[in-house]
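Chemist: Sharing work04.tsv, TSV, C-alpha atoms and all ligand atoms:
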```tsv
chain	number	residue	atom	x	y	z
A	321	MET	CA	204.37	66.88	241.74
A	322	ASN	CA	204.19	70.60	241.10
A	323	ARG	CA	204.58	72.94	244.05
A	324	GLN	CA	201.59	75.07	244.80
A	325	ARG	CA	202.29	78.76	244.90
A	326	ILE	CA	200.99	80.76	247.87
A	327	LEU	CA	200.80	84.53	247.92
A	328	ILE	CA	201.18	85.72	251.53
A	329	VAL	CA	199.91	89.25	252.08
A	330	GLU	CA	201.19	90.33	255.47
A	331	ASP	CA	202.86	93.44	256.86
A	332	GLU	CA	204.16	92.04	260.15
A	333	GLU	CA	207.69	90.84	259.67
A	334	ALA	CA	207.46	88.15	262.37
A	335	PHE	CA	204.51	86.52	260.60
A	336	VAL	CA	206.16	86.81	257.19
A	337	ASP	CA	209.26	85.01	258.47
A	338	ALA	CA	207.35	82.26	260.27
A	339	LEU	CA	205.05	81.66	257.31
A	340	SER	CA	207.84	81.62	254.75
A	341	VAL	CA	209.74	78.99	256.70
A	342	GLY	CA	206.69	76.97	257.79
A	343	LEU	CA	204.94	76.85	254.43
A	344	GLY	CA	208.21	76.28	252.61
A	345	ALA	CA	208.76	73.23	254.81
A	346	GLU	CA	205.27	71.98	253.85
A	347	GLY	CA	206.33	72.03	250.19
A	348	PHE	CA	204.66	75.26	249.11
A	349	GLU	CA	206.30	77.95	247.03
A	350	VAL	CA	205.91	81.21	248.91
A	351	ILE	CA	205.60	84.72	247.52
A	352	VAL	CA	205.24	87.72	249.85
A	353	ALA	CA	203.50	91.06	249.48
A	354	ARG	CA	203.76	93.54	252.36
A	355	ASP	CA	200.82	95.82	251.62
A	356	GLY	CA	197.57	95.80	249.67
A	357	ALA	CA	198.88	97.61	246.60
A	358	GLU	CA	201.83	95.24	246.30
A	359	ALA	CA	199.43	92.32	246.78
A	360	LEU	CA	197.44	93.27	243.67
A	361	ILE	CA	200.60	93.67	241.58
A	362	GLN	CA	202.04	90.37	242.84
A	363	PHE	CA	198.74	88.63	242.26
A	364	GLU	CA	198.76	89.63	238.59
A	365	SER	CA	202.38	88.72	237.98
A	366	SER	CA	202.75	85.53	240.02
A	367	LYS	CA	199.34	83.84	239.45
A	368	PRO	CA	199.24	82.10	242.86
A	369	ASP	CA	197.19	78.96	243.62
A	370	LEU	CA	196.01	80.46	246.92
A	371	VAL	CA	196.08	83.86	248.63
A	372	LEU	CA	196.60	84.14	252.38
A	373	LEU	CA	195.32	87.63	253.02
A	374	ASP	CA	195.78	89.66	256.20
A	375	LEU	CA	192.90	92.09	256.78
A	376	MET	CA	194.82	94.93	258.39
A	377	LEU	CA	197.24	96.17	255.77
A	378	PRO	CA	198.88	99.47	254.87
A	379	ARG	CA	197.67	101.39	251.77
A	380	ILE	CA	194.85	99.11	250.56
A	381	SER	CA	192.89	97.04	253.10
A	382	GLY	CA	192.59	93.28	252.92
A	383	LEU	CA	188.86	93.60	252.21
A	384	GLU	CA	189.51	95.82	249.21
A	385	VAL	CA	192.23	93.48	247.95
A	386	CYS	CA	189.78	90.56	248.22
A	387	ARG	CA	187.08	92.50	246.39
A	388	GLN	CA	189.45	93.43	243.58
A	389	ILE	CA	190.84	89.92	243.14
A	390	ARG	CA	187.28	88.52	243.00
A	391	ARG	CA	186.45	90.75	240.03
A	392	THR	CA	188.66	88.62	237.83
A	393	SER	CA	189.55	85.43	239.69
A	394	GLN	CA	188.14	82.50	241.65
A	395	VAL	CA	191.47	81.76	243.31
A	396	PRO	CA	191.04	80.37	246.84
A	397	ILE	CA	191.42	83.18	249.41
A	398	ILE	CA	191.91	82.67	253.15
A	399	MET	CA	191.46	85.82	255.25
A	400	VAL	CA	193.66	86.31	258.28
A	401	THR	CA	192.02	88.33	261.03
A	402	ALA	CA	192.82	89.57	264.50
A	403	LYS	CA	190.70	87.98	267.26
A	404	SER	CA	188.65	91.16	267.64
A	405	GLY	CA	187.86	91.38	263.92
A	406	GLU	CA	184.55	89.50	264.04
A	407	ILE	CA	182.65	91.94	261.80
A	408	ASP	CA	185.42	92.14	259.23
A	409	THR	CA	185.52	88.36	259.12
A	410	VAL	CA	181.89	88.11	258.10
A	411	VAL	CA	182.27	90.92	255.58
A	412	GLY	CA	185.34	89.16	254.23
A	413	LEU	CA	183.42	85.93	253.70
A	414	GLU	CA	180.54	87.83	252.15
A	415	ILE	CA	182.75	89.52	249.57
A	416	GLY	CA	184.22	86.23	248.46
A	417	ALA	CA	186.88	84.80	250.77
A	418	ASP	CA	186.72	80.99	251.00
A	419	ASP	CA	187.67	80.74	254.64
A	420	TYR	CA	189.27	82.72	257.45
A	421	ILE	CA	191.65	82.08	260.30
A	422	SER	CA	192.21	84.23	263.39
A	423	LYS	CA	195.56	85.25	264.82
A	424	PRO	CA	197.17	83.69	266.73
A	425	TYR	CA	196.87	80.36	264.93
A	426	ARG	CA	198.94	77.22	264.74
A	427	MET	CA	200.80	76.33	261.58
A	428	ARG	CA	199.18	72.90	261.54
A	429	GLU	CA	195.72	74.42	261.58
A	430	LEU	CA	196.59	76.89	258.83
A	431	VAL	CA	198.01	74.18	256.56
A	432	ALA	CA	194.89	72.02	257.09
A	433	ARG	CA	192.69	74.94	256.05
A	434	MET	CA	194.86	75.68	253.06
A	435	ARG	CA	194.76	72.10	251.83
A	436	ALA	CA	190.99	72.05	252.32
A	437	VAL	CA	190.41	75.09	250.10
A	438	LEU	CA	192.99	73.96	247.55
A	439	ARG	CA	191.27	70.62	247.10
A	440	ARG	CA	189.59	70.40	243.71
A	441	SER	CA	190.27	74.02	242.82
A	442	PRO	CA	189.72	74.63	239.08
A	443	GLU	CA	193.45	75.31	238.67
A	444	GLN	CA	194.33	71.95	240.14
A	445	ASN	CA	191.81	70.17	237.94
A	446	GLU	CA	193.32	71.92	234.96
A	447	HIS	CA	196.77	70.68	235.89
A	448	GLN	CA	195.30	67.21	236.22
A	449	ARG	CA	193.72	67.39	232.78
A	450	LYS	CA	197.02	68.52	231.30
A	451	GLY	CA	198.71	65.64	233.10
A	452	LEU	CA	200.86	68.01	235.15
A	453	ILE	CA	199.91	66.24	238.32
A	454	GLY	CA	199.09	62.64	239.06
A	455	SER	CA	196.24	60.67	237.54
A	456	ASP	CA	196.43	58.72	234.28
A	457	ASN	CA	192.66	58.46	234.32
A	458	PRO	CA	190.74	60.66	231.97
A	459	VAL	CA	188.66	63.24	233.78
A	460	GLU	CA	185.08	62.05	234.11
A	461	SER	CA	182.45	64.00	232.30
A	462	HIS	CA	179.53	65.10	234.43
A	463	ARG	CA	176.21	66.16	233.08
A	464	ALA	CA	174.71	69.53	233.87
A	465	ILE	CA	172.14	69.57	236.67
A	466	GLU	CA	168.99	71.63	236.36
A	467	VAL	CA	166.37	72.32	239.01
A	468	GLY	CA	163.81	75.05	238.49
A	469	ASP	CA	165.58	78.07	236.99
A	470	VAL	CA	168.95	77.00	238.35
A	471	ARG	CA	171.37	75.17	236.08
A	472	LEU	CA	174.88	74.03	237.01
A	473	ASP	CA	177.38	72.68	234.49
A	474	PRO	CA	180.27	70.92	236.28
A	475	ASP	CA	182.44	70.57	233.17
A	476	ARG	CA	182.31	74.20	232.23
A	477	HIS	CA	182.14	75.36	235.83
A	478	GLU	CA	179.16	77.54	235.00
A	479	VAL	CA	175.93	78.39	236.78
A	480	THR	CA	172.94	80.16	235.29
A	481	VAL	CA	169.68	81.29	236.88
A	482	GLY	CA	166.86	81.77	234.39
A	483	GLY	CA	169.48	81.63	231.63
A	484	GLU	CA	171.56	84.44	233.14
A	485	PRO	CA	175.12	83.54	234.14
A	486	VAL	CA	175.94	83.88	237.84
A	487	ARG	CA	179.49	84.25	239.11
A	488	LEU	CA	180.23	81.93	242.02
A	489	THR	CA	183.41	81.41	243.97
A	490	LEU	CA	184.84	77.91	244.07
A	491	LYS	CA	183.31	77.05	247.45
A	492	GLU	CA	179.92	78.49	246.51
A	493	PHE	CA	180.00	76.37	243.39
A	494	GLU	CA	180.84	73.19	245.30
A	495	LEU	CA	178.18	73.95	247.87
A	496	LEU	CA	175.53	74.45	245.20
A	497	GLU	CA	176.66	71.29	243.41
A	498	ILE	CA	176.15	69.14	246.51
A	499	LEU	CA	172.73	70.66	247.21
A	500	LEU	CA	171.60	70.25	243.59
A	501	ASN	CA	172.86	66.68	243.40
A	502	ASN	CA	170.64	65.98	246.39
A	503	ALA	CA	167.71	68.16	245.37
A	504	GLY	CA	164.62	67.31	247.42
A	505	ARG	CA	166.70	65.71	250.18
A	506	VAL	CA	168.18	67.20	253.33
A	507	VAL	CA	171.97	67.41	253.33
A	508	ARG	CA	173.37	67.50	256.83
A	509	ARG	CA	175.66	70.33	257.89
A	510	GLU	CA	178.50	67.92	258.75
A	511	THR	CA	178.22	66.27	255.34
A	512	ILE	CA	178.44	69.59	253.57
A	513	ILE	CA	181.45	70.71	255.61
A	514	ASP	CA	183.18	67.35	255.02
A	515	ARG	CA	182.62	67.45	251.31
A	516	VAL	CA	183.28	71.11	250.61
A	517	TRP	CA	185.95	71.98	253.17
A	518	GLY	CA	187.44	68.55	253.81
A	519	TYR	CA	187.18	65.96	256.55
A	520	ASP	CA	190.09	67.56	258.37
A	521	TYR	CA	188.36	70.94	258.53
A	522	VAL	CA	189.04	72.59	261.84
A	523	GLY	CA	187.22	75.90	261.49
A	524	ASP	CA	183.86	76.81	262.95
A	525	THR	CA	180.56	76.40	261.14
A	526	LYS	CA	179.98	80.12	260.67
A	527	THR	CA	181.85	79.71	257.40
A	528	LEU	CA	179.09	77.42	256.10
A	529	ASP	CA	176.31	79.81	257.17
A	530	VAL	CA	177.95	82.76	255.49
A	531	HIS	CA	178.50	80.78	252.29
A	532	ILE	CA	174.84	79.76	252.27
A	533	LYS	CA	173.83	83.38	252.74
A	534	ARG	CA	176.11	84.48	249.92
A	535	LEU	CA	174.82	81.75	247.62
A	536	ARG	CA	171.22	82.74	248.37
A	537	SER	CA	171.99	86.37	247.55
A	538	LYS	CA	173.19	85.22	244.13
A	539	ILE	CA	170.55	82.68	243.11
A	540	GLU	CA	167.40	83.43	245.12
A	541	PRO	CA	164.80	85.89	243.78
A	542	THR	CA	164.17	86.99	247.40
A	543	PRO	CA	167.21	85.97	249.46
A	544	SER	CA	165.52	86.76	252.78
A	545	ARG	CA	162.73	84.28	251.92
A	546	PRO	CA	164.58	81.50	250.13
A	547	ARG	CA	162.56	79.24	247.87
A	548	TYR	CA	165.47	77.13	246.60
A	549	ILE	CA	167.88	76.67	249.49
A	550	VAL	CA	165.83	76.09	252.61
A	551	THR	CA	167.13	75.65	256.13
A	552	ILE	CA	166.12	72.47	257.90
A	553	ARG	CA	166.54	73.47	261.51
A	554	GLY	CA	168.93	71.33	263.51
A	555	LEU	CA	169.89	69.26	260.47
A	556	GLY	CA	171.14	71.12	257.46
A	557	TYR	CA	169.92	72.44	254.14
A	558	LYS	CA	167.72	71.27	251.32
A	559	PHE	CA	167.45	72.38	247.71
A	560	GLU	CA	163.73	72.39	246.94
A	561	HIS	CA	162.87	70.14	244.04
A	562	GLU	CA	159.47	71.63	243.35
A	563	VAL	CA	159.49	75.39	243.19
A	601	CA	CA	198.51	93.32	259.49
```
Here is the file; what I need is its structure written in the form of structure tokens.
Ligand code: CA

Modeler:
Amino acid sequence: MNRQRILIVEDEEAFVDALSVGLGAEGFEVIVARDGAEALIQFESSKPDLVLLDLMLPRISGLEVCRQIRRTSQVPIIMVTAKSGEIDTVVGLEIGADDYISKPYRMRELVARMRAVLRRSPEQNEHQRKGLIGSDNPVESHRAIEVGDVRLDPDRHEVTVGGEPVRLTLKEFELLEILLNNAGRVVRRETIIDRVWGYDYVGDTKTLDVHIKRLRSKIEPTPSRPRYIVTIRGLGYKFEHEV
């Protein structure tokens, strides 16, 4: 079992200490950066499996760090916000974070969120293919799914709209995959959250709404009037089969 490497970006010493001890005890390898500039350098050199990113940082803000990491990487990112940072939280999710957690939080809750975003990350699947972790079974091959102009290839982890490649984060990709696999049918909110974030997900459902919004902005011709991903009030979402 390989240890998953977590990059903690945090400037408050008390949090750094608690996280280092707590996550170490959970079996993670912990690397620490104390400001945004250091975070970007550490990210390049240590290639973490997940980034736990505080928003309020000296030198370069957490939002800017997130934006810069997303230019080159789909690594899972969890934003850490202060209770009052509602607006930043939404912005953070919109620019590509996979989830967020507000201070103060409990270690148990944080670890549950971390495991949920780490599940089925491309890195982990790669380790599995190389036999670095678990499974003797060969990885199943899945066929590409195509509905309208939207095409998703699970093996290559690629999405195109009208033949043009679209860059999706890991969670956006999983979300789109579930909706496409069920094209023409309503997928309930709880089902989506279970499947994409894990049955032990303890966050609120704003995360799902923001991911849907982000996905629409990437694949819909007119995101404010979606023709692919439609909202079924009180139930969930549906990917329109006939468009
Ligand atoms: Ca801070």

Chemist: So which residues touch Asp331 of chain A within 8 Å, counting only C-alpha atoms, skipping near sequence neighbours fewer than 4 positions away, as a list in words?

Modeler: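 Returned residues: Val336, Ala353, Arg354, Asp355, Leu377 and Pro378 of chain A.
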
Chemist: Please report, as JSON lines, each residue of chain A lying at most 12 Å from ligand CA 601 (chain A), together with the nearest pair of atoms and the separation in Å rounded to one decimal; use only C-alpha atoms and all ligand atoms, and order rows by chain and ascending residue number.

Modeler:
```
{"residue": "A:Ile328", "atom": "CA", "partner": "A:CA601", "partner_atom": "CA", "distance": 11.3}
{"residue": "A:Val329", "atom": "CA", "partner": "A:CA601", "partner_atom": "CA", "distance": 8.6}
{"residue": "A:Glu330", "atom": "CA", "partner": "A:CA601", "partner_atom": "CA", "distance": 5.7}
{"residue": "A:Asp331", "atom": "CA", "partner": "A:CA601", "partner_atom": "CA", "distance": 5.1}
{"residue": "A:Glu332", "atom": "CA", "partner": "A:CA601", "partner_atom": "CA", "distance": 5.8}
{"residue": "A:Glu333", "atom": "CA", "partner": "A:CA601", "partner_atom": "CA", "distance": 9.5}
{"residue": "A:Ala334", "atom": "CA", "partner": "A:CA601", "partner_atom": "CA", "distance": 10.7}
{"residue": "A:Phe335", "atom": "CA", "partner": "A:CA601", "partner_atom": "CA", "distance": 9.1}
{"residue": "A:Val336", "atom": "CA", "partner": "A:CA601", "partner_atom": "CA", "distance": 10.3}
{"residue": "A:Ala353", "atom": "CA", "partner": "A:CA601", "partner_atom": "CA", "distance": 11.4}
{"residue": "A:Arg354", "atom": "CA", "partner": "A:CA601", "partner_atom": "CA", "distance": 8.9}
{"residue": "A:Asp355", "atom": "CA", "partner": "A:CA601", "partner_atom": "CA", "distance": 8.6}
{"residue": "A:Gly356", "atom": "CA", "partner": "A:CA601", "partner_atom": "CA", "distance": 10.2}
{"residue": "A:Leu372", "atom": "CA", "partner": "A:CA601", "partner_atom": "CA", "distance": 11.8}
{"residue": "A:Leu373", "atom": "CA", "partner": "A:CA601", "partner_atom": "CA", "distance": 9.2}
{"residue": "A:Asp374", "atom": "CA", "partner": "A:CA601", "partner_atom": "CA", "distance": 5.6}
{"residue": "A:Leu375", "atom": "CA", "partner": "A:CA601", "partner_atom": "CA", "distance": 6.4}
{"residue": "A:Met376", "atom": "CA", "partner": "A:CA601", "partner_atom": "CA", "distance": 4.2}
{"residue": "A:Leu377", "atom": "CA", "partner": "A:CA601", "partner_atom": "CA", "distance": 4.9}
{"residue": "A:Pro378", "atom": "CA", "partner": "A:CA601", "partner_atom": "CA", "distance": 7.7}
{"residue": "A:Arg379", "atom": "CA", "partner": "A:CA601", "partner_atom": "CA", "distance": 11.2}
{"residue": "A:Ile380", "atom": "CA", "partner": "A:CA601", "partner_atom": "CA", "distance": 11.3}
{"residue": "A:Ser381", "atom": "CA", "partner": "A:CA601", "partner_atom": "CA", "distance": 9.3}
{"residue": "A:Gly382", "atom": "CA", "partner": "A:CA601", "partner_atom": "CA", "distance": 8.8}
{"residue": "A:Met399", "atom": "CA", "partner": "A:CA601", "partner_atom": "CA", "distance": 11.1}
{"residue": "A:Val400", "atom": "CA", "partner": "A:CA601", "partner_atom": "CA", "distance": 8.6}
{"residue": "A:Thr401", "atom": "CA", "partner": "A:CA601", "partner_atom": "CA", "distance": 8.3}
{"residue": "A:Ala402", "atom": "CA", "partner": "A:CA601", "partner_atom": "CA", "distance": 8.5}
{"residue": "A:Gly405", "atom": "CA", "partner": "A:CA601", "partner_atom": "CA", "distance": 11.7}
{"residue": "A:Ser422", "atom": "CA", "partner": "A:CA601", "partner_atom": "CA", "distance": 11.7}
{"residue": "A:Lys423", "atom": "CA", "partner": "A:CA601", "partner_atom": "CA", "distance": 10.1}
```

Chemist: Dig up all the protein and nucleic acid residues within 12 Å of (173.5, 88.5, 244.5) in the file frame, using all atoms listed in the file, and format them as number ranges by chain.

Modeler: A: 414-416, 481, 485-488, 532-544

Chemist: Keeping only C-alpha atoms, take the residues you just selected and write them out as a PDB file, in the frame of the given file.

Modeler:
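The resulting file, result_11.pdb, is shown below:
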```
ATOM      1  CA  GLU A 414     180.540  87.830 252.150  1.00  0.00           C
ATOM      2  CA  ILE A 415     182.750  89.520 249.570  1.00  0.00           C
ATOM      3  CA  GLY A 416     184.220  86.230 248.460  1.00  0.00           C
ATOM      4  CA  VAL A 481     169.680  81.290 236.880  1.00  0.00           C
ATOM      5  CA  PRO A 485     175.120  83.540 234.140  1.00  0.00           C
ATOM      6  CA  VAL A 486     175.940  83.880 237.840  1.00  0.00           C
ATOM      7  CA  ARG A 487     179.490  84.250 239.110  1.00  0.00           C
ATOM      8  CA  LEU A 488     180.230  81.930 242.020  1.00  0.00           C
ATOM      9  CA  ILE A 532     174.840  79.760 252.270  1.00  0.00           C
ATOM     10  CA  LYS A 533     173.830  83.380 252.740  1.00  0.00           C
ATOM     11  CA  ARG A 534     176.110  84.480 249.920  1.00  0.00           C
ATOM     12  CA  LEU A 535     174.820  81.750 247.620  1.00  0.00           C
ATOM     13  CA  ARG A 536     171.220  82.740 248.370  1.00  0.00           C
ATOM     14  CA  SER A 537     171.990  86.370 247.550  1.00  0.00           C
ATOM     15  CA  LYS A 538     173.190  85.220 244.130  1.00  0.00           C
ATOM     16  CA  ILE A 539     170.550  82.680 243.110  1.00  0.00           C
ATOM     17  CA  GLU A 540     167.400  83.430 245.120  1.00  0.00           C
ATOM     18  CA  PRO A 541     164.800  85.890 243.780  1.00  0.00           C
ATOM     19  CA  THR A 542     164.170  86.990 247.400  1.00  0.00           C
ATOM     20  CA  PRO A 543     167.210  85.970 249.460  1.00  0.00           C
ATOM     21  CA  SER A 544     165.520  86.760 252.780  1.00  0.00           C
TER      22      SER A 544
END
```

Chemist: Quick one: residues within 9 Å of Asp418 of chain A, only C-alpha atoms, excluding same-chain residues fewer than 6 positions away - as JSON, numbers by chain?

Modeler: {"A": [396, 397, 398, 399, 412, 437, 489, 490, 491, 492, 527, 531]}

Chemist: If I take atom CA of Met427 of chain A and atom CA of Val395 of chain A, how far is one from the other in Å, to one decimal?

Modeler: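 These two atoms are separated by 21.2 Å.
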
Chemist: Quote the spacing between atom CA of Arg433 of chain A and atom CA of Arg390 of chain A in Å to one decimal place.

Modeler: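 Those two atoms sit 19.6 Å apart.
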
Chemist: Between atom CA of Tyr557 of chain A and atom CA of Val507 of chain A, measure the distance and give it in Å to one decimal.

Modeler: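 Result for atom CA of Tyr557 of chain A versus atom CA of Val507 of chain A: 5.5 Å, one decimal.
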
Chemist: Closest to Glu349 of chain A among A:Gln394, A:Asn322, A:Asn501, A:Thr409, using all atoms listed in the file?

Modeler: A:Asn322

Chemist: Measuring between only C-alpha atoms, which one of A:Asp369, A:Glu466, A:Glu560, A:Asp337 shows the shortest distance to Ala503 of chain A?

Modeler: A:Glu560

Chemist: Have a look at A:Thr392, A:Leu438, A:Leu383, A:Ile421 and name the one nearest to Asp408 of chain A; count only C-alpha atoms.

Modeler: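 Using only C-alpha atoms, Asp408 of chain A sits closest to A:Leu383.
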
Chemist: With distances taken over all atoms listed in the file, which residue among A:Ile512, A:Ala417, A:Leu370, A:Leu499 lies nearest Val550 of chain A?

Modeler: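 Among the listed residues, A:Leu499 lies closest to Val550 of chain A.
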
Chemist: Using only C-alpha atoms, which of A:Leu495, A:Val530, A:Val479, A:Leu555 sits nearest Val411 of chain A?

Modeler: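 Smallest separation from Val411 of chain A among the options: A:Val530.
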
Chemist: May I ask which of the residues A:Gly554, A:Ser366, A:Arg471, A:Leu528 is the closest one to Asp419 of chain A, counting only C-alpha atoms?

Modeler: A:Leu528
